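One file, model-v9.txt, carrying compact mmCIF, C-alpha atoms:
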# COMPACT_ATOMS: atom_id res chain seq x y z
CA MET B 945 203.70 200.98 72.16
CA ARG B 946 206.76 203.08 71.36
CA THR B 947 208.90 199.93 70.90
CA LYS B 948 206.25 198.42 68.62
CA ALA B 949 206.10 201.62 66.57
CA ILE B 950 209.88 201.64 66.16
CA LEU B 951 209.84 197.99 65.11
CA ILE B 952 207.15 198.69 62.51
CA LEU B 953 209.19 201.63 61.21
CA ILE B 954 212.31 199.47 60.91
CA LEU B 955 210.42 196.71 59.11
CA SER B 956 208.75 199.21 56.78
CA THR B 957 212.10 200.77 55.97
CA SER B 958 213.58 197.34 55.24
CA VAL B 959 210.70 196.42 52.96
CA LEU B 960 210.97 199.73 51.12
CA THR B 961 214.68 199.12 50.66
CA ILE B 962 213.94 195.71 49.13
CA PHE B 963 211.27 197.30 46.93
CA ALA B 964 213.79 199.88 45.72
CA GLN B 965 216.22 197.09 44.84
CA SER B 966 213.64 194.69 43.39
CA ARG B 967 213.53 196.14 39.90
CA ARG B 968 216.67 197.82 38.61
CA SER B 969 216.89 198.25 34.85
CA VAL B 970 220.20 197.66 33.09
CA TRP B 971 219.59 201.09 31.55
CA GLY B 972 219.47 202.91 34.89
CA ALA B 973 221.45 206.15 34.98
CA SER B 974 223.53 204.95 37.93
CA GLY B 975 224.59 201.76 36.10
CA VAL B 976 224.62 198.21 37.48
CA TYR B 977 228.31 197.33 36.95
CA THR B 978 231.67 199.10 36.62
CA SER B 979 233.95 199.50 33.60
CA ALA B 980 236.82 197.96 35.59
CA GLN B 981 234.65 194.94 36.32
CA ALA B 982 233.82 194.51 32.63
CA ALA B 983 237.53 194.74 31.80
CA LYS B 984 238.20 191.83 34.18
CA GLY B 985 235.40 189.89 32.51
CA LYS B 986 236.95 190.49 29.09
CA ILE B 987 240.15 188.74 30.20
CA ASP B 988 238.27 185.50 30.92
CA TYR B 989 236.06 186.01 27.87
CA ASP B 990 239.11 186.22 25.60
CA ARG B 991 240.50 183.05 27.17
CA LEU B 992 237.38 180.93 27.29
CA CYS B 993 234.55 182.36 25.21
CA ILE B 994 235.96 184.13 22.18
CA ARG B 995 236.31 180.93 20.14
CA CYS B 996 232.54 180.49 20.06
CA HIS B 997 231.18 184.01 20.39
CA ALA B 998 233.86 186.09 18.62
CA GLY B 999 235.65 189.16 19.91
CA ASN B 1000 232.67 191.45 19.39
CA LEU B 1001 230.15 189.02 20.99
CA ASP B 1002 228.39 188.55 17.65
CA GLY B 1003 229.02 184.81 17.53
CA VAL B 1004 230.89 182.77 14.94
CA ALA B 1005 229.75 183.69 11.45
CA ASP B 1006 231.27 180.62 9.74
CA ALA B 1007 229.48 177.49 10.99
CA ASN B 1008 232.23 175.36 9.44
CA LEU B 1009 234.55 176.45 12.25
CA LEU B 1010 232.65 174.45 14.84
CA GLY B 1011 230.27 172.27 12.83
CA ASP B 1012 227.09 171.37 14.70
CA PHE B 1013 228.38 173.17 17.78
CA ALA B 1014 228.23 176.59 16.10
CA PRO B 1015 226.33 179.10 18.30
CA ARG B 1016 222.85 179.98 17.09
CA TYR B 1017 222.66 183.45 18.64
CA SER B 1018 224.96 186.29 19.57
CA LEU B 1019 225.61 187.84 22.98
CA ARG B 1020 224.65 191.34 21.97
CA GLY B 1021 222.14 193.29 19.92
CA THR B 1022 218.70 192.22 18.73
CA ASP B 1023 219.20 188.47 19.14
CA PHE B 1024 220.46 188.84 22.69
CA MET B 1025 217.70 191.23 23.72
CA GLU B 1026 214.93 189.12 22.26
CA ARG B 1027 216.24 186.10 24.15
CA TRP B 1028 216.84 187.88 27.45
CA ARG B 1029 214.44 190.83 27.70
CA GLU B 1030 212.19 190.77 30.77
CA ASP B 1031 214.69 188.43 32.42
CA THR B 1032 217.12 188.93 35.28
CA ALA B 1033 220.89 189.12 35.44
CA HIS B 1034 220.68 186.16 37.82
CA ASN B 1035 219.40 183.84 35.09
CA LEU B 1036 222.07 185.03 32.67
CA PHE B 1037 224.71 184.44 35.36
CA ASN B 1038 223.36 180.93 35.98
CA LEU B 1039 223.48 180.06 32.29
CA VAL B 1040 227.09 181.23 32.02
CA ARG B 1041 228.09 179.51 35.27
CA LYS B 1042 226.33 176.18 34.71
CA GLY B 1043 226.14 175.80 30.95
CA MET B 1044 229.08 177.56 29.30
CA PRO B 1045 230.81 176.14 27.46
CA PRO B 1046 228.25 173.50 26.48
CA ARG B 1047 229.26 170.12 27.85
CA ASN B 1048 228.92 168.50 24.42
CA GLU B 1049 231.63 170.64 22.86
CA PRO B 1050 233.66 168.39 20.51
CA GLY B 1051 236.99 167.23 21.92
CA LYS B 1052 236.39 168.58 25.41
CA THR B 1053 236.24 166.32 28.45
CA GLU B 1054 237.24 168.80 31.18
CA PHE B 1055 236.09 172.36 31.70
CA GLU B 1056 237.59 175.17 33.71
CA THR B 1057 235.47 176.37 36.61
CA LEU B 1058 235.66 180.01 37.62
CA SER B 1059 234.72 181.77 40.84
CA ASP B 1060 231.28 183.34 41.16
CA GLU B 1061 232.98 186.74 41.07
CA ALA B 1062 234.59 185.88 37.73
CA TYR B 1063 231.24 184.79 36.28
CA VAL B 1064 229.67 188.06 37.46
CA ASN B 1065 232.51 189.90 35.70
CA LEU B 1066 231.65 188.02 32.50
CA VAL B 1067 228.04 189.21 32.85
CA ALA B 1068 229.37 192.76 33.27
CA PHE B 1069 231.38 192.39 30.06
CA ILE B 1070 228.26 191.19 28.19
CA PHE B 1071 226.36 194.17 29.59
CA GLN B 1072 229.09 196.51 28.38
CA GLY B 1073 228.98 194.90 24.93
CA ASN B 1074 225.27 195.68 24.74
CA GLY B 1075 225.80 199.33 25.60
CA PHE B 1076 224.24 199.20 29.07
CA PRO B 1077 225.71 202.12 31.05
CA ALA B 1078 228.46 201.50 33.60
CA GLY B 1079 228.42 203.03 37.07
CA ASP B 1080 230.51 203.39 40.21
CA ARG B 1081 229.26 200.29 42.04
CA GLU B 1082 230.26 196.76 41.10
CA LEU B 1083 227.65 194.18 40.25
CA THR B 1084 227.57 191.45 42.91
CA VAL B 1085 225.98 188.00 43.19
CA GLN B 1086 223.51 189.51 45.68
CA ASP B 1087 222.43 192.12 43.11
CA LEU B 1088 221.69 189.73 40.28
CA ARG B 1089 218.03 188.93 41.02
CA ALA B 1090 217.19 192.63 41.20
CA VAL B 1091 218.72 193.59 37.86
CA ARG B 1092 216.23 193.37 34.98
CA ILE B 1093 217.31 193.09 31.36
CA LEU B 1094 214.98 195.35 29.40
CA GLU B 1095 214.86 197.15 26.08
CA LYS B 1096 216.09 200.73 26.30
CA GLU B 1097 212.52 201.93 25.82
CA GLY B 1098 211.39 199.88 28.80
CA SER B 1099 209.40 196.74 29.46
CA LYS B 1100 207.54 195.04 26.61
CA PRO B 1101 204.95 192.23 26.70
CA LEU B 1102 206.36 188.74 26.44
CA PRO B 1103 205.00 186.45 23.71
CA SER B 1104 202.81 183.40 24.30
CA PHE B 1105 204.55 180.26 25.54
CA SER B 1106 207.21 182.21 27.42
CA VAL B 1107 208.19 180.55 30.70
CA VAL B 1108 207.38 183.16 33.33
CA GLU B 1109 206.98 184.08 36.98
CA VAL B 1110 204.35 186.49 38.29
CA VAL B 1111 203.33 187.63 41.77
CA GLY B 1112 199.79 188.59 42.70
CA CYS B 1113 196.72 188.02 44.87
CA LEU B 1114 194.93 184.67 44.61
CA THR B 1115 191.28 185.37 43.84
CA GLN B 1116 188.33 183.12 43.04
CA TYR B 1117 186.77 184.80 40.02
CA THR B 1118 183.78 182.45 39.87
CA PRO B 1119 183.31 179.14 41.68
CA GLY B 1120 186.22 176.93 40.67
CA VAL B 1121 187.86 179.58 38.47
CA TRP B 1122 190.98 181.14 39.99
CA GLN B 1123 192.96 184.24 39.09
CA LEU B 1124 195.97 186.21 40.18
CA SER B 1125 194.76 189.79 40.50
CA SER B 1126 196.83 192.93 41.14
CA ALA B 1127 199.67 190.94 39.63
CA THR B 1128 203.12 192.00 38.49
CA GLU B 1129 204.22 192.04 34.89
CA PRO B 1130 205.52 188.59 33.84
CA THR B 1131 209.25 188.02 34.28
CA ARG B 1132 211.08 185.33 32.35
CA ILE B 1133 212.46 182.32 34.15
CA ARG B 1134 214.54 179.48 32.72
CA GLU B 1135 213.30 176.47 34.68
CA PHE B 1136 210.43 175.31 36.87
CA ALA B 1137 212.56 174.46 39.88
CA THR B 1138 211.00 174.76 43.34
CA PRO B 1139 211.58 178.37 44.43
CA THR B 1140 214.31 178.87 47.00
CA GLU B 1141 213.79 180.70 50.28
CA GLU B 1142 215.63 183.68 48.82
CA GLU B 1143 213.35 183.72 45.77
CA ILE B 1144 210.26 183.56 47.98
CA LYS B 1145 211.51 186.52 50.02
CA SER B 1146 212.19 188.44 46.83
CA SER B 1147 208.65 187.74 45.57
CA ALA B 1148 207.18 188.79 48.92
CA ALA B 1149 208.91 192.15 48.50
CA GLU B 1150 207.60 192.70 44.95
CA PRO B 1151 205.13 195.59 44.73
CA LEU B 1152 201.77 194.46 43.41
CA GLY B 1153 200.85 195.44 39.87
CA ASN B 1154 197.79 195.97 37.70
CA PHE B 1155 197.59 192.71 35.74
CA GLU B 1156 195.14 189.84 35.96
CA PHE B 1157 195.94 186.27 34.95
CA ASP B 1158 193.60 183.31 34.76
CA LEU B 1159 195.21 180.25 36.32
CA GLN B 1160 194.86 176.94 34.56
CA SER B 1161 196.11 173.42 35.35
CA ILE B 1162 195.78 173.88 39.11
CA GLY B 1163 195.36 170.11 39.19
CA TYR B 1164 199.01 169.86 38.16
CA LEU B 1165 199.90 171.04 41.67
CA GLY B 1166 198.62 167.80 43.19
CA ARG B 1167 195.53 166.56 45.01
CA ASP B 1168 196.71 168.01 48.31
CA PHE B 1169 196.78 171.57 46.96
CA ASP B 1170 193.53 173.39 47.72
CA PRO B 1171 193.49 176.98 46.41
CA LYS B 1172 190.78 177.90 48.92
CA ASN B 1173 193.42 177.64 51.66
CA PHE B 1174 195.33 180.50 50.02
CA GLU B 1175 192.54 182.77 48.84
CA GLY B 1176 193.45 186.43 49.41
CA GLN B 1177 197.13 185.66 49.93
CA LYS B 1178 200.09 186.97 47.94
CA MET B 1179 201.32 184.17 45.68
CA GLN B 1180 204.23 183.49 43.35
CA ALA B 1181 203.11 181.64 40.21
CA ARG B 1182 205.39 179.95 37.69
CA GLY B 1183 204.19 178.55 34.42
CA ILE B 1184 203.70 179.10 30.71
CA LEU B 1185 202.22 182.39 29.54
CA ILE B 1186 199.28 181.97 27.15
CA ARG B 1187 197.84 185.02 25.44
CA GLN B 1188 194.35 184.24 24.17
CA PRO B 1189 192.47 187.58 24.03
CA PRO B 1190 190.59 188.82 25.88
CA ASN B 1191 192.24 186.73 28.60
CA ILE B 1192 195.83 186.09 29.57
CA ARG B 1193 196.48 182.76 31.27
CA ILE B 1194 199.24 181.08 33.21
CA ASP B 1195 199.48 177.34 32.65
CA LEU B 1196 200.72 176.56 36.16
CA ARG B 1197 203.75 174.57 37.18
CA SER B 1198 204.02 175.96 40.72
CA LEU B 1199 202.00 178.26 42.97
CA VAL B 1200 203.56 179.26 46.29
CA ALA B 1201 202.35 181.59 49.05
CA VAL B 1202 204.86 184.34 49.75
CA SER B 1203 202.74 186.37 52.20
CA ASP B 1204 199.53 185.64 54.06
CA THR B 1205 198.20 189.11 53.19
CA CYS B 1206 197.84 190.88 49.89
CA GLU B 1207 197.92 194.56 50.73
CA ARG B 1208 199.48 197.17 48.52
Transcribe the structure of this file into structure tokens.
Amino acid sequence: MRTKAILILILSTSVLTIFAQSRRSVWGASGVYTSAQAAKGKIDYDRLCIRCHAGNLDGVADANLLGDFAPRYSLRGTDFMERWREDTAHNLFNLVRKGMPPRNEPGKTEFETLSDEAYVNLVAFIFQGNGFPAGDRELTVQDLRAVRILEKEGSKPLPSFSVVEVVGCLTQYTPGVWQLSSATEPTRIREFATPTEEEIKSSAAEPLGNFEFDLQSIGYLGRDFDPKNFEGQKMQARGILIRQPPNIRIDLRSLVAVSDTCER
């Protein structure tokens, strides 16, 4: 019994640690990156990014400089926050790593590839440019999923047709009508890819919330998916957010069990 109790304590401590790391705001007093890290990111930014996004991250004002390739949004301020609020540093990192510079840039056939550490440093530089506070601990690849990009005032509701992920308890509201109850606030995602094992573990560690979402298009998940097999389990849902008061719906693209229980 003593061994079992110790094991439970260790597992509980581990889960609490994950919970503590699962939602870290870029505005946290302890910071999520270091000034030295941002300075390293600026070196690569000045080499590779400044042509399109300008020295102050505001983007190129004169579209004639790049023609149709001219950026449509800046990397700081209102435009940046509206595009990235309620998202994670991981998705920003992925965009920079996989999509920058755009592969249709005129006159370019080869593109320099940086290390993951260098791309994280670029994210740190973007964070610095937006006034997010620096700290004493460097941002790492392992931290990225836990770091949430929020307005300084805190989380705000996402608009309809945002591509989102939520975690909650699968509940049959009425026969044939399914909900996620005790669900988390929606978080932006950038694609409907099948969740990785790491993403499933992260969702399993998410504390339950106070939201309810009607689930539509369950048929999209295939004939073999029977929601009754997952009733009462903790699920990760990905789809399109639809606000149609008094209800909020998720037009499903994936629904995955992350825990066979749904206890707070």
- Item | Residues near B:Leu1088, cut-off 12 Å, only C-alpha atoms, skip fewer than 4 positions along chain, as a VMD selection string | chain B and resid 965 to 970 976 to 977 1031 to 1038 1060 to 1061 1063 to 1065 1067 to 1068 1082 to 1084 1092 to 1093 1143 1146
- Top pick for closest residue to B:Lys1145, considering B:Lys1178, B:Leu1058, B:Gly1075, B:Leu1039 and counting only C-alpha atoms: B:Lys1178
Which residues are near B:Gly1073? Cut-off 9 Å, all atoms listed in the file, ignore same chain within fewer than 6 positions. Put them as a PDB file with C-alpha atoms, in the frame of the given file.
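result_1.pdb, freshly written:
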ATOM      1  CA  ASN B1000     232.670 191.450  19.390  1.00  0.00           C
ATOM      2  CA  LEU B1001     230.150 189.020  20.990  1.00  0.00           C
ATOM      3  CA  LEU B1019     225.610 187.840  22.980  1.00  0.00           C
ATOM      4  CA  ARG B1020     224.650 191.340  21.970  1.00  0.00           C
ATOM      5  CA  GLY B1021     222.140 193.290  19.920  1.00  0.00           C
TER       6      GLY B1021
END
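Of the residues under consideration (B:Ala1090, B:Val1202, B:Ile987, B:Ile1162), B:Ile1162 shows the shortest atom-to-atom contact distance to B:Gly1183 when counting all atoms listed in the file.
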- Skip stretch 1098-1106 of chain B itself and residues of its chain fewer than 2 positions away, then list as a ChimeraX atom specification all residues within 9 Å of it, counting all atoms listed in the file. /B:969,971,1029-1030,1093-1096,1108,1129-1133,1183-1188
Residue completion, stretch 971-1001 of chain B, N, CA and C atoms, as a tab-separated table (two decimals), in the coordinates of the input:
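Generated output (selection36.tsv):
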chain	number	residue	atom	x	y	z
B	971	TRP	N	219.43	199.77	32.15
B	971	TRP	CA	219.59	201.09	31.55
B	971	TRP	C	219.57	202.22	32.58
B	972	GLY	N	219.51	201.88	33.86
B	972	GLY	CA	219.47	202.91	34.89
B	972	GLY	C	220.66	203.86	34.81
B	973	ALA	N	220.40	205.12	35.11
B	973	ALA	CA	221.45	206.15	34.98
B	973	ALA	C	222.65	205.87	35.87
B	974	SER	N	222.43	205.21	37.00
B	974	SER	CA	223.53	204.95	37.93
B	974	SER	C	224.34	203.71	37.54
B	975	GLY	N	223.87	202.94	36.54
B	975	GLY	CA	224.59	201.76	36.10
B	975	GLY	C	224.45	200.60	37.09
B	976	VAL	N	224.72	199.38	36.61
B	976	VAL	CA	224.62	198.21	37.48
B	976	VAL	C	225.94	197.44	37.56
B	977	TYR	N	226.99	197.95	36.91
B	977	TYR	CA	228.31	197.33	36.95
B	977	TYR	C	229.34	198.43	36.74
B	978	THR	N	230.62	198.11	36.86
B	978	THR	CA	231.67	199.10	36.62
B	978	THR	C	232.48	198.73	35.38
B	979	SER	N	233.11	199.74	34.78
B	979	SER	CA	233.95	199.50	33.60
B	979	SER	C	235.13	198.60	33.96
B	980	ALA	N	235.70	198.80	35.15
B	980	ALA	CA	236.82	197.96	35.59
B	980	ALA	C	236.39	196.51	35.72
B	981	GLN	N	235.18	196.29	36.18
B	981	GLN	CA	234.65	194.94	36.32
B	981	GLN	C	234.49	194.28	34.95
B	982	ALA	N	233.97	195.04	33.99
B	982	ALA	CA	233.82	194.51	32.63
B	982	ALA	C	235.18	194.18	32.02
B	983	ALA	N	236.18	195.00	32.32
B	983	ALA	CA	237.53	194.74	31.80
B	983	ALA	C	238.07	193.42	32.35
B	984	LYS	N	237.80	193.12	33.61
B	984	LYS	CA	238.20	191.83	34.18
B	984	LYS	C	237.46	190.69	33.46
B	985	GLY	N	236.18	190.91	33.21
B	985	GLY	CA	235.40	189.89	32.51
B	985	GLY	C	235.93	189.63	31.12
B	986	LYS	N	236.43	190.67	30.45
B	986	LYS	CA	236.95	190.49	29.09
B	986	LYS	C	238.17	189.57	29.07
B	987	ILE	N	238.96	189.60	30.14
B	987	ILE	CA	240.15	188.74	30.20
B	987	ILE	C	239.73	187.27	30.13
B	988	ASP	N	238.75	186.88	30.95
B	988	ASP	CA	238.27	185.50	30.92
B	988	ASP	C	237.51	185.21	29.63
B	989	TYR	N	236.78	186.19	29.13
B	989	TYR	CA	236.06	186.01	27.87
B	989	TYR	C	237.03	185.69	26.74
B	990	ASP	N	238.12	186.44	26.66
B	990	ASP	CA	239.11	186.22	25.60
B	990	ASP	C	239.79	184.86	25.74
B	991	ARG	N	239.88	184.36	26.96
B	991	ARG	CA	240.50	183.05	27.17
B	991	ARG	C	239.56	181.90	26.86
B	992	LEU	N	238.28	182.07	27.25
B	992	LEU	CA	237.38	180.93	27.29
B	992	LEU	C	236.18	181.01	26.34
B	993	CYS	N	235.82	182.20	25.93
B	993	CYS	CA	234.55	182.36	25.21
B	993	CYS	C	234.70	182.82	23.77
B	994	ILE	N	235.83	183.45	23.47
B	994	ILE	CA	235.96	184.13	22.18
B	994	ILE	C	235.88	183.16	21.01
B	995	ARG	N	236.31	181.91	21.22
B	995	ARG	CA	236.31	180.93	20.14
B	995	ARG	C	234.91	180.71	19.60
B	996	CYS	N	233.92	180.76	20.47
B	996	CYS	CA	232.54	180.49	20.06
B	996	CYS	C	231.73	181.74	19.77
B	997	HIS	N	232.04	182.82	20.48
B	997	HIS	CA	231.18	184.01	20.39
B	997	HIS	C	231.85	185.21	19.74
B	998	ALA	N	233.12	185.04	19.34
B	998	ALA	CA	233.86	186.09	18.62
B	998	ALA	C	234.20	187.27	19.53
B	999	GLY	N	235.17	188.06	19.09
B	999	GLY	CA	235.65	189.16	19.91
B	999	GLY	C	234.62	190.23	20.16
B	1000	ASN	N	233.67	190.39	19.24
B	1000	ASN	CA	232.67	191.45	19.39
B	1000	ASN	C	231.34	190.91	19.94
B	1001	LEU	N	231.32	189.67	20.42
B	1001	LEU	CA	230.15	189.02	20.99
B	1001	LEU	C	229.07	188.68	19.97
